[in-house]
$ cat target_39.cif   # mmCIF, C-alpha atoms
data_run
#
loop_
_atom_site.label_atom_id
_atom_site.label_comp_id
_atom_site.auth_asym_id
_atom_site.auth_seq_id
_atom_site.Cartn_x
_atom_site.Cartn_y
_atom_site.Cartn_z
CA MET Z 27 -6.76 10.42 -23.15
CA ASN Z 28 -5.57 13.84 -21.98
CA ASN Z 29 -9.02 15.41 -22.40
CA LEU Z 30 -10.60 12.51 -20.51
CA ALA Z 31 -8.00 12.81 -17.76
CA GLN Z 32 -8.94 16.46 -17.37
CA LYS Z 33 -12.62 15.55 -17.34
CA TYR Z 34 -12.38 12.83 -14.69
CA ASN Z 35 -9.44 14.20 -12.71
CA ALA Z 36 -11.44 14.80 -9.53
CA PRO Z 37 -10.13 13.81 -6.08
CA VAL Z 38 -10.90 10.14 -5.38
CA PRO Z 39 -9.55 7.57 -2.89
CA ARG Z 40 -6.79 5.10 -3.74
CA TYR Z 41 -9.12 2.30 -2.61
CA THR Z 42 -6.69 0.34 -0.50
CA SER Z 43 -9.73 -0.31 1.70
CA TYR Z 44 -13.48 0.15 1.61
CA PRO Z 45 -14.81 2.04 3.46
CA THR Z 46 -11.74 4.25 3.21
CA SER Z 47 -9.90 5.57 6.27
CA PRO Z 48 -11.43 9.11 6.33
CA HIS Z 49 -14.68 7.41 7.36
CA PHE Z 50 -13.24 5.60 10.38
CA THR Z 51 -14.72 6.83 13.69
CA PRO Z 52 -13.80 6.67 17.42
CA LYS Z 53 -16.88 4.48 17.96
CA LEU Z 54 -14.53 1.56 17.29
CA ASP Z 55 -12.60 1.26 20.56
CA LYS Z 56 -10.03 -1.14 22.02
CA ASP Z 57 -12.65 -3.31 23.73
CA ILE Z 58 -14.53 -3.91 20.48
CA TYR Z 59 -11.23 -4.60 18.76
CA ALA Z 60 -10.21 -7.15 21.41
CA GLY Z 61 -13.56 -8.86 20.90
CA TRP Z 62 -12.97 -9.03 17.15
CA LEU Z 63 -9.59 -10.66 17.72
CA ASN Z 64 -11.07 -13.24 20.07
CA GLN Z 65 -13.65 -14.22 17.43
CA LEU Z 66 -11.08 -15.05 14.73
CA ASN Z 67 -11.04 -18.55 13.29
CA ALA Z 68 -7.71 -20.23 14.08
CA ASP Z 69 -7.99 -22.33 10.92
CA ASP Z 70 -7.55 -19.22 8.76
CA PRO Z 71 -4.01 -17.78 8.40
CA ILE Z 72 -3.51 -14.15 9.31
CA SER Z 73 -1.13 -11.44 8.14
CA LEU Z 74 0.82 -8.91 10.18
CA TYR Z 75 1.74 -5.33 9.30
CA LEU Z 76 4.31 -3.56 11.50
CA HIS Z 77 4.66 0.20 11.14
CA VAL Z 78 7.91 1.95 12.08
CA PRO Z 79 7.32 5.73 12.00
CA PHE Z 80 10.93 6.97 11.97
CA CYS Z 81 13.28 8.28 9.28
CA ARG Z 82 16.69 9.95 9.29
CA LYS Z 83 15.57 12.65 6.85
CA MET Z 84 12.22 13.88 5.55
CA CYS Z 85 11.44 13.22 1.88
CA TRP Z 86 9.15 16.03 0.82
CA TYR Z 87 6.88 13.81 -1.29
CA CYS Z 88 6.18 11.43 1.62
CA GLY Z 89 2.56 10.78 2.57
CA CYS Z 90 3.35 8.41 5.46
CA HIS Z 91 3.15 8.95 9.21
CA THR Z 92 6.80 9.39 10.16
CA LYS Z 93 9.08 11.32 12.51
CA ILE Z 94 12.64 12.48 11.86
CA THR Z 95 15.26 11.54 14.45
CA ASN Z 96 19.03 11.19 14.56
CA GLN Z 97 18.97 9.61 18.01
CA TYR Z 98 18.42 5.90 18.65
CA ASP Z 99 16.78 6.16 22.09
CA PRO Z 100 13.31 7.04 20.70
CA ILE Z 101 13.61 4.15 18.22
CA ALA Z 102 14.64 1.72 20.95
CA ASN Z 103 11.68 2.82 23.09
CA TYR Z 104 9.37 2.25 20.16
CA ALA Z 105 10.79 -1.22 19.51
CA ALA Z 106 10.06 -2.10 23.14
CA ALA Z 107 6.47 -0.90 22.70
CA LEU Z 108 6.08 -3.03 19.58
CA ARG Z 109 7.17 -6.07 21.55
CA GLU Z 110 4.54 -5.20 24.17
CA GLU Z 111 1.85 -4.97 21.48
CA VAL Z 112 2.82 -8.36 20.04
CA GLN Z 113 2.38 -9.83 23.54
CA LEU Z 114 -1.04 -8.15 23.85
CA LEU Z 115 -2.05 -9.61 20.50
CA VAL Z 116 -0.98 -13.12 21.49
CA LYS Z 117 -3.05 -12.92 24.69
CA ALA Z 118 -6.13 -11.64 22.85
CA LEU Z 119 -6.16 -14.35 20.16
CA PRO Z 120 -8.20 -17.50 20.90
CA ALA Z 121 -5.47 -19.89 19.70
CA ARG Z 122 -2.08 -20.15 18.02
CA PHE Z 123 -2.35 -18.88 14.45
CA LYS Z 124 -0.47 -19.35 11.20
CA VAL Z 125 0.96 -16.28 9.49
CA SER Z 126 1.02 -16.05 5.70
CA HIS Z 127 2.48 -12.55 5.29
CA ILE Z 128 4.54 -10.14 7.38
CA HIS Z 129 5.10 -6.64 6.06
CA TRP Z 130 7.34 -4.04 7.73
CA GLY Z 131 6.44 -0.53 6.57
CA GLY Z 132 7.14 3.04 7.54
CA GLY Z 133 8.85 5.38 7.73
CA THR Z 134 12.04 3.40 7.48
CA PRO Z 135 11.62 0.04 9.25
CA SER Z 136 15.25 -0.89 8.55
CA ILE Z 137 16.17 1.93 10.95
CA PHE Z 138 15.92 -0.59 13.80
CA SER Z 139 19.16 -2.00 15.18
CA ALA Z 140 19.92 -5.60 14.30
CA GLU Z 141 19.15 -6.62 17.87
CA ASP Z 142 15.77 -4.88 18.05
CA PHE Z 143 14.67 -6.11 14.64
CA LYS Z 144 15.64 -9.72 15.27
CA SER Z 145 14.08 -9.72 18.74
CA ILE Z 146 10.68 -8.77 17.32
CA MET Z 147 10.93 -11.33 14.52
CA GLU Z 148 11.95 -13.99 17.03
CA MET Z 149 8.97 -13.10 19.22
CA ILE Z 150 6.62 -13.48 16.24
CA LYS Z 151 8.18 -16.82 15.33
CA LYS Z 152 7.82 -17.98 18.94
CA HIS Z 153 4.08 -17.31 19.10
CA PHE Z 154 2.98 -17.94 15.50
CA ASP Z 155 3.61 -20.55 12.82
CA TYR Z 156 4.58 -19.53 9.28
CA THR Z 157 2.73 -21.05 6.36
CA ASP Z 158 4.90 -22.94 3.85
CA THR Z 159 4.92 -19.97 1.46
CA ALA Z 160 4.97 -17.18 4.05
CA GLU Z 161 6.28 -13.88 2.72
CA ARG Z 162 8.27 -11.71 5.12
CA ALA Z 163 8.84 -8.33 3.51
CA ILE Z 164 10.40 -5.04 4.55
CA GLU Z 165 10.65 -1.57 3.05
CA ILE Z 166 14.20 -0.21 3.08
CA ASP Z 167 15.93 3.06 2.30
CA PRO Z 168 19.07 2.15 0.29
CA ARG Z 169 20.83 5.20 1.74
CA THR Z 170 20.65 3.90 5.31
CA VAL Z 171 21.44 0.18 5.06
CA ASP Z 172 24.86 -1.43 4.96
CA ALA Z 173 25.96 -5.03 4.54
CA ALA Z 174 25.75 -5.72 8.29
CA LYS Z 175 22.18 -4.40 8.52
CA ILE Z 176 21.07 -6.43 5.51
CA LYS Z 177 22.66 -9.55 6.99
CA ALA Z 178 20.58 -8.96 10.14
CA LEU Z 179 17.40 -8.67 8.04
CA ALA Z 180 18.17 -12.01 6.43
CA GLU Z 181 18.89 -13.59 9.79
CA GLY Z 182 15.54 -12.28 11.00
CA GLY Z 183 13.79 -14.17 8.21
CA ILE Z 184 13.17 -11.47 5.59
CA ASN Z 185 12.69 -12.93 2.10
CA ARG Z 186 11.42 -9.86 0.17
CA ALA Z 187 12.56 -6.23 0.20
CA SER Z 188 11.05 -3.09 -1.29
CA LEU Z 189 13.49 -0.32 -2.19
CA GLY Z 190 12.47 3.29 -2.50
CA VAL Z 191 13.89 4.78 -5.70
CA GLN Z 192 11.34 7.34 -6.99
CA ASP Z 193 13.55 8.91 -9.73
CA PHE Z 194 17.26 8.70 -10.51
CA ASN Z 195 17.56 12.24 -11.91
CA PRO Z 196 19.67 14.44 -9.55
CA LYS Z 197 17.55 17.57 -10.12
CA VAL Z 198 14.34 15.73 -9.30
CA GLN Z 199 16.00 14.16 -6.25
CA ALA Z 200 17.07 17.58 -4.99
CA ALA Z 201 13.54 18.91 -5.49
CA ILE Z 202 12.08 16.15 -3.28
CA ASN Z 203 14.92 16.21 -0.71
CA ARG Z 204 15.98 12.64 -1.45
CA VAL Z 205 19.41 12.36 -3.04
CA GLN Z 206 20.14 8.71 -3.84
CA SER Z 207 22.52 7.73 -6.61
CA PHE Z 208 22.26 4.68 -8.83
CA ASP Z 209 25.44 3.31 -7.23
CA VAL Z 210 23.95 3.55 -3.72
CA THR Z 211 20.85 1.67 -4.89
CA LYS Z 212 22.94 -0.95 -6.70
CA LEU Z 213 25.05 -1.56 -3.57
CA ALA Z 214 21.90 -2.25 -1.53
CA VAL Z 215 20.62 -4.62 -4.23
CA ASP Z 216 23.94 -6.47 -4.35
CA ASN Z 217 24.02 -6.84 -0.56
CA LEU Z 218 20.44 -8.09 -0.46
CA ARG Z 219 21.10 -10.77 -3.06
CA ALA Z 220 24.38 -11.73 -1.41
CA ASN Z 221 22.36 -12.48 1.73
CA GLY Z 222 19.74 -14.55 -0.05
CA ILE Z 223 17.03 -11.86 -0.23
CA ASN Z 224 16.32 -12.27 -3.93
CA ASN Z 225 12.71 -11.07 -4.19
CA LEU Z 226 13.00 -7.34 -4.80
CA ASN Z 227 10.51 -4.55 -5.43
CA PHE Z 228 11.29 -1.01 -6.58
CA ASP Z 229 9.05 1.98 -5.88
CA LEU Z 230 9.11 4.57 -8.66
CA MET Z 231 7.07 7.76 -8.94
CA TYR Z 232 5.75 10.08 -11.60
CA GLY Z 233 4.30 13.56 -11.20
CA LEU Z 234 7.24 14.79 -9.09
CA PRO Z 235 8.54 18.37 -9.22
CA LEU Z 236 10.81 19.14 -12.20
CA GLN Z 237 10.20 15.61 -13.49
CA THR Z 238 9.75 15.02 -17.22
CA THR Z 239 8.71 12.06 -19.31
CA GLU Z 240 12.35 11.54 -20.30
CA HIS Z 241 13.36 11.41 -16.64
CA VAL Z 242 10.79 8.70 -15.97
CA LYS Z 243 11.92 6.75 -19.03
CA GLU Z 244 15.56 6.90 -17.92
CA THR Z 245 14.65 5.82 -14.38
CA VAL Z 246 12.85 2.78 -15.79
CA ARG Z 247 15.93 1.93 -17.88
CA LEU Z 248 18.29 2.20 -14.93
CA SER Z 249 15.94 0.26 -12.67
CA HIS Z 250 15.77 -2.56 -15.19
CA MET Z 251 19.56 -2.88 -15.05
CA LEU Z 252 19.14 -4.03 -11.43
CA LYS Z 253 16.40 -6.53 -12.40
CA PRO Z 254 13.74 -6.05 -9.71
CA ASP Z 255 10.95 -8.63 -9.72
CA ARG Z 256 8.26 -5.99 -9.21
CA ILE Z 257 7.96 -2.29 -9.84
CA ALA Z 258 5.32 -0.05 -8.30
CA LEU Z 259 4.77 3.14 -10.29
CA PHE Z 260 2.98 5.60 -8.03
CA GLY Z 261 1.64 8.99 -8.99
CA TYR Z 262 2.78 11.66 -6.56
CA ALA Z 263 -0.18 12.83 -4.47
CA HIS Z 264 0.30 16.51 -3.58
CA VAL Z 265 -1.68 16.99 -0.37
CA PRO Z 266 0.02 19.83 1.54
CA TRP Z 267 -3.16 20.36 3.59
CA MET Z 268 -2.49 16.92 5.10
CA LYS Z 269 1.32 16.83 5.06
CA SER Z 270 2.86 20.22 5.82
CA HIS Z 271 6.33 19.21 4.56
CA MET Z 272 4.85 18.99 1.06
CA LYS Z 273 4.67 22.79 1.14
CA MET Z 274 8.43 22.64 0.47
CA ILE Z 275 7.52 21.46 -3.05
CA LYS Z 276 6.75 24.40 -5.31
CA ASP Z 277 3.39 24.16 -7.04
CA ASP Z 278 4.75 25.69 -10.25
CA GLU Z 279 7.39 22.93 -10.49
CA LEU Z 280 4.79 20.15 -10.54
CA PRO Z 281 3.86 18.65 -13.93
CA GLY Z 282 0.32 19.29 -15.14
CA THR Z 283 -2.26 16.63 -15.91
CA GLU Z 284 -1.14 16.20 -19.53
CA GLU Z 285 2.48 15.66 -18.52
CA ARG Z 286 1.49 13.30 -15.67
CA VAL Z 287 -0.50 11.18 -18.13
CA SER Z 288 2.48 11.14 -20.50
CA GLN Z 289 4.82 10.07 -17.72
CA ALA Z 290 2.54 7.25 -16.52
CA LYS Z 291 1.88 5.90 -20.01
CA THR Z 292 5.51 6.16 -21.14
CA ALA Z 293 6.76 4.32 -18.05
CA ALA Z 294 4.14 1.60 -18.54
CA SER Z 295 5.02 1.24 -22.21
CA GLU Z 296 8.73 0.91 -21.42
CA LEU Z 297 8.12 -1.66 -18.69
CA LEU Z 298 5.91 -3.74 -20.98
CA LYS Z 299 8.65 -3.69 -23.63
CA LEU Z 300 11.07 -4.98 -20.99
CA GLY Z 301 8.85 -7.98 -20.35
CA TYR Z 302 6.95 -6.91 -17.25
CA ILE Z 303 3.23 -7.62 -16.90
CA GLN Z 304 1.04 -4.69 -15.85
CA VAL Z 305 -0.89 -5.44 -12.68
CA GLY Z 306 -3.94 -3.32 -12.01
CA LEU Z 307 -3.45 0.42 -11.99
CA ASP Z 308 0.21 0.94 -11.18
CA HIS Z 309 2.16 -2.27 -10.49
CA PHE Z 310 4.38 -4.31 -12.82
CA ALA Z 311 5.78 -7.79 -12.26
CA ARG Z 312 7.93 -10.30 -14.09
CA PRO Z 313 5.90 -13.15 -15.65
CA GLU Z 314 7.36 -15.70 -13.22
CA ASP Z 315 6.63 -13.58 -10.14
CA SER Z 316 3.85 -14.66 -7.76
CA MET Z 317 2.01 -11.38 -8.38
CA SER Z 318 1.72 -12.16 -12.10
CA GLU Z 319 0.50 -15.65 -11.22
CA ALA Z 320 -2.10 -14.19 -8.85
CA LEU Z 321 -3.31 -11.86 -11.60
CA GLU Z 322 -3.57 -14.78 -14.03
CA ASN Z 323 -5.56 -16.81 -11.48
CA ASN Z 324 -7.87 -13.93 -10.47
CA ASP Z 325 -6.42 -14.16 -6.98
CA LEU Z 326 -4.88 -10.70 -6.74
CA HIS Z 327 -5.84 -8.49 -3.81
CA ARG Z 328 -5.42 -4.93 -2.59
CA ASN Z 329 -4.70 -3.68 0.91
CA PHE Z 330 -2.97 -0.76 2.62
CA GLN Z 331 0.36 -1.73 1.05
CA GLY Z 332 -1.16 -1.66 -2.44
CA TYR Z 333 -1.49 -4.71 -4.70
CA THR Z 334 -0.70 -7.97 -2.95
CA THR Z 335 -0.80 -11.74 -3.28
CA ASP Z 336 -2.02 -11.88 0.34
CA SER Z 337 -5.44 -13.54 0.41
CA SER Z 338 -5.81 -13.56 4.20
CA GLU Z 339 -9.07 -12.06 5.40
CA THR Z 340 -7.30 -10.79 8.51
CA LEU Z 341 -4.45 -8.28 8.44
CA ILE Z 342 -3.44 -7.15 11.93
CA GLY Z 343 -1.77 -3.75 12.19
CA LEU Z 344 0.92 -3.20 14.82
CA GLY Z 345 2.55 0.11 15.66
CA ALA Z 346 1.50 3.75 15.73
CA SER Z 347 -1.00 4.71 12.98
CA SER Z 348 -1.14 1.15 11.58
CA ILE Z 349 -4.44 -0.08 10.16
CA GLY Z 350 -5.74 -3.60 10.43
CA LYS Z 351 -8.46 -5.40 8.49
CA LEU Z 352 -10.55 -8.09 10.17
CA PRO Z 353 -13.67 -9.93 9.01
CA GLN Z 354 -15.73 -7.57 11.18
CA GLY Z 355 -14.17 -4.30 9.99
CA TYR Z 356 -11.13 -2.03 10.17
CA ALA Z 357 -9.17 -0.75 13.18
CA GLN Z 358 -6.48 1.94 13.28
CA ASN Z 359 -4.00 2.64 16.07
CA VAL Z 360 -3.47 6.12 17.44
CA VAL Z 361 -1.11 8.21 15.29
CA SER Z 362 0.87 9.81 18.12
CA ILE Z 363 4.00 7.78 18.88
CA HIS Z 364 4.01 8.91 22.52
CA GLU Z 365 0.36 8.00 23.04
CA TYR Z 366 0.80 4.67 21.29
CA GLU Z 367 3.70 3.78 23.59
CA ARG Z 368 1.79 4.93 26.68
CA GLN Z 369 -1.25 2.83 25.90
CA VAL Z 370 0.50 -0.43 25.07
CA ARG Z 371 2.81 -0.11 28.08
CA ASN Z 372 -0.31 0.19 30.23
CA LYS Z 373 -1.29 -3.23 28.84
CA GLY Z 374 -3.97 -1.96 26.49
CA PHE Z 375 -4.42 -1.83 22.74
CA ALA Z 376 -3.82 1.57 21.15
CA VAL Z 377 -6.84 1.53 18.83
CA ALA Z 378 -8.11 5.06 18.19
CA LYS Z 379 -10.73 4.56 15.50
CA GLY Z 380 -12.14 2.20 12.92
CA ILE Z 381 -15.37 1.01 11.40
CA GLY Z 382 -17.50 -2.10 11.36
CA ILE Z 383 -18.60 -3.26 7.93
CA SER Z 384 -22.03 -4.32 6.76
CA ILE Z 385 -23.05 -6.77 4.06
CA GLU Z 386 -23.52 -3.80 1.71
CA ASP Z 387 -19.99 -2.61 2.51
CA LYS Z 388 -18.62 -6.06 1.76
CA VAL Z 389 -20.33 -6.37 -1.61
CA ARG Z 390 -19.21 -2.87 -2.64
CA ARG Z 391 -15.70 -3.61 -1.41
CA GLU Z 392 -15.53 -6.74 -3.53
CA VAL Z 393 -16.72 -4.91 -6.65
CA ILE Z 394 -14.15 -2.16 -6.10
CA GLU Z 395 -11.34 -4.64 -5.38
CA ARG Z 396 -12.06 -6.70 -8.49
CA LEU Z 397 -12.15 -3.58 -10.67
CA MET Z 398 -8.89 -2.32 -9.13
CA CYS Z 399 -7.20 -5.72 -9.50
CA ASP Z 400 -8.73 -7.44 -12.54
CA LEU Z 401 -10.21 -4.42 -14.36
CA GLU Z 402 -13.40 -6.41 -14.66
CA VAL Z 403 -16.27 -7.69 -12.54
CA ASP Z 404 -19.61 -9.44 -12.97
CA LEU Z 405 -22.03 -7.60 -10.74
CA VAL Z 406 -24.58 -10.43 -10.71
CA ASP Z 407 -21.96 -12.93 -9.56
CA VAL Z 408 -20.96 -10.67 -6.67
CA THR Z 409 -24.50 -9.81 -5.56
CA ALA Z 410 -25.51 -13.49 -5.70
CA LYS Z 411 -22.57 -14.34 -3.43
CA TYR Z 412 -24.05 -12.02 -0.78
CA ASP Z 413 -27.71 -12.99 -1.41
CA LEU Z 414 -28.55 -9.56 -2.76
CA PRO Z 415 -30.97 -8.90 -5.66
CA SER Z 416 -29.53 -8.86 -9.18
CA ASN Z 417 -30.68 -5.26 -9.67
CA PHE Z 418 -28.81 -4.02 -6.59
CA PHE Z 419 -26.46 -1.87 -8.69
CA ASP Z 420 -28.98 -0.46 -11.17
CA LEU Z 421 -28.31 3.12 -10.03
CA GLU Z 422 -24.55 2.65 -10.43
CA LEU Z 423 -25.01 1.15 -13.90
CA THR Z 424 -26.88 4.30 -14.91
CA ARG Z 425 -24.07 6.47 -13.58
CA LEU Z 426 -21.49 4.43 -15.49
CA LYS Z 427 -23.01 5.22 -18.89
CA GLU Z 428 -20.80 8.29 -19.27
CA PHE Z 429 -17.69 6.12 -18.81
CA GLU Z 430 -19.03 3.75 -21.48
CA GLU Z 431 -19.62 6.63 -23.89
CA ASP Z 432 -16.04 7.79 -23.35
CA ASN Z 433 -14.70 4.27 -24.10
CA LEU Z 434 -13.31 3.86 -20.59
CA LEU Z 435 -15.62 0.97 -19.76
CA VAL Z 436 -17.36 -1.81 -21.68
CA ARG Z 437 -20.59 -3.25 -20.32
CA GLN Z 438 -22.16 -6.53 -21.39
CA GLU Z 439 -25.34 -6.86 -19.34
CA ASN Z 440 -23.98 -6.84 -15.78
CA ALA Z 441 -20.36 -7.63 -16.66
CA LEU Z 442 -18.02 -4.63 -16.61
CA THR Z 443 -14.59 -4.44 -18.23
CA VAL Z 444 -12.28 -1.44 -17.90
CA THR Z 445 -10.56 -0.62 -21.19
CA GLU Z 446 -6.86 0.15 -21.50
CA GLU Z 447 -7.75 3.84 -21.79
CA GLY Z 448 -9.81 3.45 -18.63
CA ARG Z 449 -7.06 1.72 -16.65
CA TYR Z 450 -5.58 5.03 -15.48
CA LEU Z 451 -9.00 6.28 -14.41
CA VAL Z 452 -10.15 3.08 -12.71
CA ARG Z 453 -10.28 4.86 -9.33
CA SER Z 454 -12.88 7.21 -10.78
CA ILE Z 455 -14.90 4.24 -12.02
CA CYS Z 456 -14.67 2.61 -8.59
CA ALA Z 457 -15.86 5.83 -6.97
CA VAL Z 458 -19.27 5.29 -8.58
CA PHE Z 459 -19.77 2.36 -6.18
CA ASP Z 460 -18.60 4.33 -3.12
CA THR Z 461 -21.59 5.40 -1.02
CA TYR Z 462 -19.33 7.11 1.56
CA LEU Z 463 -17.62 9.46 -0.89
CA GLY Z 464 -18.79 12.99 -0.34
CA ASN Z 465 -20.01 12.22 3.18
CA GLY Z 466 -17.52 13.57 5.70
CA THR Z 467 -14.31 15.57 5.72
CA GLY Z 468 -11.95 13.27 3.85
CA ARG Z 469 -9.86 14.91 1.11
CA HIS Z 470 -8.15 12.79 -1.54
CA SER Z 471 -5.57 13.09 -4.27
CA ARG Z 472 -6.64 13.52 -7.88
CA ALA Z 473 -7.40 10.52 -10.06
CA VAL Z 474 -4.40 10.97 -12.38
#

$ encode --input "target_39.cif" --output "structure tokens"
Amino acid sequence: MNNLAQKYNAPVPRYTSYPTSPHFTPKLDKDIYAGWLNQLNADDPISLYLHVPFCRKMCWYCGCHTKITNQYDPIANYAAALREEVQLLVKALPARFKVSHIHWGGGTPSIFSAEDFKSIMEMIKKHFDYTDTAERAIEIDPRTVDAAKIKALAEGGINRASLGVQDFNPKVQAAINRVQSFDVTKLAVDNLRANGINNLNFDLMYGLPLQTTEHVKETVRLSHMLKPDRIALFGYAHVPWMKSHMKMIKDDELPGTEERVSQAKTAASELLKLGYIQVGLDHFARPEDSMSEALENNDLHRNFQGYTTDSSETLIGLGASSIGKLPQGYAQNVVSIHEYERQVRNKGFAVAKGIGISIEDKVRREVIERLMCDLEVDLVDVTAKYDLPSNFFDLELTRLKEFEEDNLLVRQENALTVTEEGRYLVRSICAVFDTYLGNGTGRHSRAV
């Protein structure tokens, strides 16, 4: 596996969308976006993503759009702008919609005061209806939430929380500027469950500076003691050309490809022994969790938050830098917090760029999503769904022969199955179907 990881370890997208965000353009403006919203079918539930780009301290591994502040005034101003954007959305939609998923991301969305957080959730509840199984999730930093804050999250309707952990080893934590003890994490978990928020996710990472396979193994063991329902095991993407704070991480302290592979495979092996089911590339879930059920029923999906049970065709992004997915294409808000606030307060959407998608984009997106989620796809079934010829992917099938020869992929006619060895290189396999890759200025993290 190590030799193959070296061979295929070229930069490729994470494929949380297709086309991927480096190919969005300013040709998609706020007027086009408003038209897309007005065309939505009110019979189809939608999802909402709310981005909160503030943190109290910068974690050096972070790839998110975030700003460090110790003052609340900028956060309060941003909360007011989010309320304005929700009102704009309500006015642009053709009817009252049902919401199947709400996801608060960041940054640190739990940085909002109880009053600001609950006011936004109350506004959403006023203008939208929740489906019977609606998931309302938030990402939290265990270091910055207390019992009162968690109680406010519960009162606002949150029923799932994702906790950033990364690694429990103190030396690794110091190297990424995120010191967070096991006891601090456990206290947050206990407070969440005491307030009825029982669906918990942990985010772990491999490939961090000074991190070893033993560190990853110990972090898995400690995490299991707190019994999260899901664990996301992300590989650290070192992209200092995109995120200048990553320059604080020393290149010579990062594990090489061989060690990264060892860390990923060891963590997966330990999680499987503990009873988790591996979902796609890097997620793990308990057998009774809805994500495991979605995998079993071939109803797993992938969006900007990673693997998800959300099957809504429409995901509306709210907040600076947030990305939305609609049947017609993708739209991303302006990254600048100041400019975002200015635009929504002037009663306009803050869309800065995006891309409309064609039938070819949709068929390629479905192939990539099924490979990322199910590790298998029947190309004829997908092309038939879009009324495309059965030989549409003949060129890609030729390019996949090398993956077959390396036992990363099994092909039976037009049915493709990624092997267990190929699981960790599935992004490279998906890249074969990406006609945008190599066109433009986008730079990506390596495959492993």

$ resolve_selection --input "target_39.cif" --expression "the PyMOL selection byres ((chain Z and resi 297) around 12)" --output "PyMOL selection string"
chain Z and resi 230+242-250+253-259+290-296+298-305+308-312

$ write_last_selection --input "target_39.cif" --atoms "C-alpha atoms" --output "CSV table (one decimal), in the frame of the given file"
chain,number,residue,atom,x,y,z
Z,230,LEU,CA,9.1,4.6,-8.7
Z,242,VAL,CA,10.8,8.7,-16.0
Z,243,LYS,CA,11.9,6.8,-19.0
Z,244,GLU,CA,15.6,6.9,-17.9
Z,245,THR,CA,14.6,5.8,-14.4
Z,246,VAL,CA,12.8,2.8,-15.8
Z,247,ARG,CA,15.9,1.9,-17.9
Z,248,LEU,CA,18.3,2.2,-14.9
Z,249,SER,CA,15.9,0.3,-12.7
Z,250,HIS,CA,15.8,-2.6,-15.2
Z,253,LYS,CA,16.4,-6.5,-12.4
Z,254,PRO,CA,13.7,-6.0,-9.7
Z,255,ASP,CA,11.0,-8.6,-9.7
Z,256,ARG,CA,8.3,-6.0,-9.2
Z,257,ILE,CA,8.0,-2.3,-9.8
Z,258,ALA,CA,5.3,0.0,-8.3
Z,259,LEU,CA,4.8,3.1,-10.3
Z,290,ALA,CA,2.5,7.2,-16.5
Z,291,LYS,CA,1.9,5.9,-20.0
Z,292,THR,CA,5.5,6.2,-21.1
Z,293,ALA,CA,6.8,4.3,-18.0
Z,294,ALA,CA,4.1,1.6,-18.5
Z,295,SER,CA,5.0,1.2,-22.2
Z,296,GLU,CA,8.7,0.9,-21.4
Z,298,LEU,CA,5.9,-3.7,-21.0
Z,299,LYS,CA,8.6,-3.7,-23.6
Z,300,LEU,CA,11.1,-5.0,-21.0
Z,301,GLY,CA,8.8,-8.0,-20.4
Z,302,TYR,CA,7.0,-6.9,-17.2
Z,303,ILE,CA,3.2,-7.6,-16.9
Z,304,GLN,CA,1.0,-4.7,-15.8
Z,305,VAL,CA,-0.9,-5.4,-12.7
Z,308,ASP,CA,0.2,0.9,-11.2
Z,309,HIS,CA,2.2,-2.3,-10.5
Z,310,PHE,CA,4.4,-4.3,-12.8
Z,311,ALA,CA,5.8,-7.8,-12.3
Z,312,ARG,CA,7.9,-10.3,-14.1

$ resolve_selection --input "target_39.cif" --expression "the PyMOL selection byres ((chain Z and resi 445-449) around 7)" --output "PyMOL selection string"
chain Z and resi 27+307+434-436+443-444+450-452

$ residues_around --input "target_39.cif" --residues "region 32-45 of chain Z" --least-positions-apart "2" --cutoff "9 Å" --atoms "all atoms listed in the file" --output "JSON, numbers by chain"
{"Z": [27, 28, 29, 30, 47, 48, 49, 50, 283, 284, 328, 329, 330, 331, 332, 333, 351, 356, 381, 383, 387, 388, 390, 391, 392, 394, 395, 398, 451, 453, 454, 456, 457, 460, 461, 462, 463, 469, 470, 471, 472, 473, 474]}

$ closest_residue --input "target_39.cif" --among "Z:Ala173, Z:Asp400, Z:Met231, Z:Leu108" --to "Lys373 (chain Z)" --atoms "all atoms listed in the file"
Z:Leu108

$ closest_residue --input "target_39.cif" --among "Z:Phe143, Z:Cys85, Z:His129, Z:Val171" --to "Ile202 (chain Z)" --atoms "all atoms listed in the file"
Z:Cys85

$ closest_residue --input "target_39.cif" --among "Z:Ile137, Z:Ala263, Z:Leu114, Z:Val191" --to "Ala60 (chain Z)" --atoms "only C-alpha atoms"
Z:Leu114

$ closest_residue --input "target_39.cif" --among "Z:Asn417, Z:Gln97, Z:Thr238, Z:Ser338" --to "Gly282 (chain Z)" --atoms "all atoms listed in the file"
Z:Thr238

$ closest_residue --input "target_39.cif" --among "Z:Ile128, Z:Leu252, Z:Ala441, Z:Ile176" --to "Gly222 (chain Z)" --atoms "all atoms listed in the file"
Z:Ile176

$ resolve_selection --input "target_39.cif" --expression "the PyMOL selection byres ((chain Z and resi 83) around 8)" --output "mmCIF file with C-alpha atoms, keeping the file's coordinate frame"
data_model
loop_
_atom_site.group_PDB
_atom_site.id
_atom_site.type_symbol
_atom_site.label_atom_id
_atom_site.label_comp_id
_atom_site.auth_asym_id
_atom_site.auth_seq_id
_atom_site.Cartn_x
_atom_site.Cartn_y
_atom_site.Cartn_z
ATOM 1 C CA CYS Z 81 13.280 8.280 9.280
ATOM 2 C CA ARG Z 82 16.690 9.950 9.290
ATOM 3 C CA MET Z 84 12.220 13.880 5.550
ATOM 4 C CA CYS Z 85 11.440 13.220 1.880
ATOM 5 C CA ILE Z 94 12.640 12.480 11.860
ATOM 6 C CA THR Z 95 15.260 11.540 14.450
#

$ decode --input "target_39.cif" --residues "region 72-76 of chain Z" --atoms "C-alpha atoms" --output "CSV table (one decimal), in the first residue's frame"
chain,number,residue,atom,x,y,z
Z,72,ILE,CA,-34.4,21.9,1.9
Z,73,SER,CA,-31.4,22.1,4.2
Z,74,LEU,CA,-29.7,25.1,5.7
Z,75,TYR,CA,-26.0,25.6,6.5
Z,76,LEU,CA,-25.0,28.6,8.7
